[in-house]
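Everything on this sheet refers to the single structure shown next.
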Amino acid sequence: MTPECTAERLTKMLLLLVVLTTAIHHAESLDWRSRRDALLGIQRKKKGSKAGWKKVKQPSFKKDKKWEWNRLDLPPDSALRVGVKYRPKTCNTKSKSGDYLSIHYNGTLYSNGDLFDSSILREEPFVFQIGRQQMNEGFEKGLLNMCIGEKRKLVVPSGMAYGGTRVYGSEIMGRVLPDSTLVYNVELLNILNEADAAPHLVWGL
């Protein structure tokens, strides 16, 4: 190898090193939002552009007013999704329409995981009669044929929840926007008779 070739290669390597060093310095100077946007494939238009932020190849997410990316809600006519997280080996009795159920549950938004309702935080099981439309349709259907001690995850599309109505959960700032898909994690604690359930029922539902 001639001295000229060696010098040319060294020059190219030095230029490459300078480029890499500059890129690393620039990456380290970016704030956490910019790094997040880069990972998610978000491109920002030039200042003054009406287009604002542009999302690239991420069809299952949407942008909210706080510039945070949320998962898109399911179409209202989607099917109810029921996942069994735990089922006891022995199951002598299963829930059916008309039963009084004692449950613990967390209710969150499908889009961003925000909590809107929780019997666990209230530290008191929720008791209701299934099949009497005391809760939304998807919630009640998702708890049929359930064993005592069983745990389920329900994904309820808005068509089986609250539709286009804005509602408020029991927790602070627990707002459910119109057409929201809801997620419930539920544990069936017991199936009660009417006399045992009566003191715990929320009358008027």
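Identifiers for the structure tokens are assigned positionally: chains receive A, B, ... in sequence, residues are indexed from 1 per chain, and ligands are indexed from 1 in the order shown.
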Residue neighbourhood Val84 of chain A, 12 Å, only C-alpha atoms, exclusion window fewer than 5 positions, as a PyMOL selection string
chain A and resi 142-143+145-147+149-155+184-188
What does the distance between atom CA of Leu72 of chain A and atom CA of Tyr110 of chain A come to in Å, to one decimal place?
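That distance, rounded to one decimal, is 8.0 Å.
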Env of Pro178 of chain A: 6 Å cut, atoms = only C-alpha atoms, seq-sep filter 6 positions within chain, self excluded. Answer as an NGL selection string.
:A and (164-166)
Now that the selection is made, can you save its residues with C-alpha atoms as a PDB file, in the first residue's frame?
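And here's again-v8.pdb as it stands now:
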ATOM      1  CA  GLY A 164     -71.220   8.539  22.736  1.00  0.00           C
ATOM      2  CA  THR A 165     -72.003   9.644  26.291  1.00  0.00           C
ATOM      3  CA  ARG A 166     -69.462  11.358  28.513  1.00  0.00           C
TER       4      ARG A 166
END
Kindly indicate which residue among A:Asn92, A:Gln134, A:Asn70, A:Thr181 lies nearest to Gly107 of chain A, using only C-alpha atoms for the distances.
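Smallest separation from Gly107 of chain A among the options: A:Thr181.
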Closest of A:Leu80, A:Val183, A:Met160, A:Leu189 to Glu124 of chain A, counting only C-alpha atoms, is A:Leu189
Set the distance at 8 Å and use only C-alpha atoms: which residues neighbour Leu144 of chain A once local chain neighbours fewer than 6 positions away are removed? I'd like the list as a PDB file with all heavy atoms, in the first residue's frame.
ATOM      1  N   LYS A  94     -70.889 -21.492  38.945  1.00  0.00           N
ATOM      2  CA  LYS A  94     -70.541 -20.419  38.019  1.00  0.00           C
ATOM      3  C   LYS A  94     -71.630 -19.349  38.024  1.00  0.00           C
ATOM      4  O   LYS A  94     -72.798 -19.639  38.257  1.00  0.00           O
ATOM      5  CB  LYS A  94     -70.348 -20.969  36.598  1.00  0.00           C
ATOM      6  CG  LYS A  94     -69.127 -21.865  36.434  1.00  0.00           C
ATOM      7  CD  LYS A  94     -68.914 -22.254  34.984  1.00  0.00           C
ATOM      8  CE  LYS A  94     -67.648 -23.076  34.808  1.00  0.00           C
ATOM      9  NZ  LYS A  94     -67.396 -23.429  33.385  1.00  0.00           N
ATOM     10  N   SER A  95     -71.204 -18.131  37.761  1.00  0.00           N
ATOM     11  CA  SER A  95     -72.150 -17.019  37.778  1.00  0.00           C
ATOM     12  C   SER A  95     -73.125 -17.112  36.612  1.00  0.00           C
ATOM     13  O   SER A  95     -72.773 -17.556  35.518  1.00  0.00           O
ATOM     14  CB  SER A  95     -71.388 -15.692  37.714  1.00  0.00           C
ATOM     15  OG  SER A  95     -70.604 -15.629  36.532  1.00  0.00           O
ATOM     16  N   LYS A  96     -74.350 -16.672  36.852  1.00  0.00           N
ATOM     17  CA  LYS A  96     -75.391 -16.651  35.821  1.00  0.00           C
ATOM     18  C   LYS A  96     -76.246 -15.423  36.021  1.00  0.00           C
ATOM     19  O   LYS A  96     -76.179 -14.737  37.054  1.00  0.00           O
ATOM     20  CB  LYS A  96     -76.239 -17.923  35.887  1.00  0.00           C
ATOM     21  CG  LYS A  96     -76.987 -18.115  37.186  1.00  0.00           C
ATOM     22  CD  LYS A  96     -77.733 -19.434  37.191  1.00  0.00           C
ATOM     23  CE  LYS A  96     -78.572 -19.612  38.464  1.00  0.00           C
ATOM     24  NZ  LYS A  96     -77.746 -19.583  39.691  1.00  0.00           N
ATOM     25  N   SER A  97     -77.042 -15.097  35.039  1.00  0.00           N
ATOM     26  CA  SER A  97     -77.913 -13.931  35.105  1.00  0.00           C
ATOM     27  C   SER A  97     -78.848 -14.036  36.310  1.00  0.00           C
ATOM     28  O   SER A  97     -79.458 -15.085  36.548  1.00  0.00           O
ATOM     29  CB  SER A  97     -78.729 -13.813  33.820  1.00  0.00           C
ATOM     30  OG  SER A  97     -79.535 -12.653  33.849  1.00  0.00           O
TER      31      SER A  97
END
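Coordinates place atom CA of Ile148 of chain A at a distance of 7.9 Å from atom CA of Pro88 of chain A.
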DSSP says alpha helix (DSSP H) for which residues of segment 59-186 of chain A? Put them as a VMD selection string?
chain A and resid 119 to 122 137 to 141
Between atom CA of Leu101 of chain A and atom CA of Lys89 of chain A - distance in Å to one decimal
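Atom CA of Lys89 of chain A sits 19.9 Å away from atom CA of Leu101 of chain A.
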Using only C-alpha atoms, which of A:Pro76, A:Tyr100, A:Pro157, A:Ser180 sits nearest Ala195 of chain A?
A:Tyr100
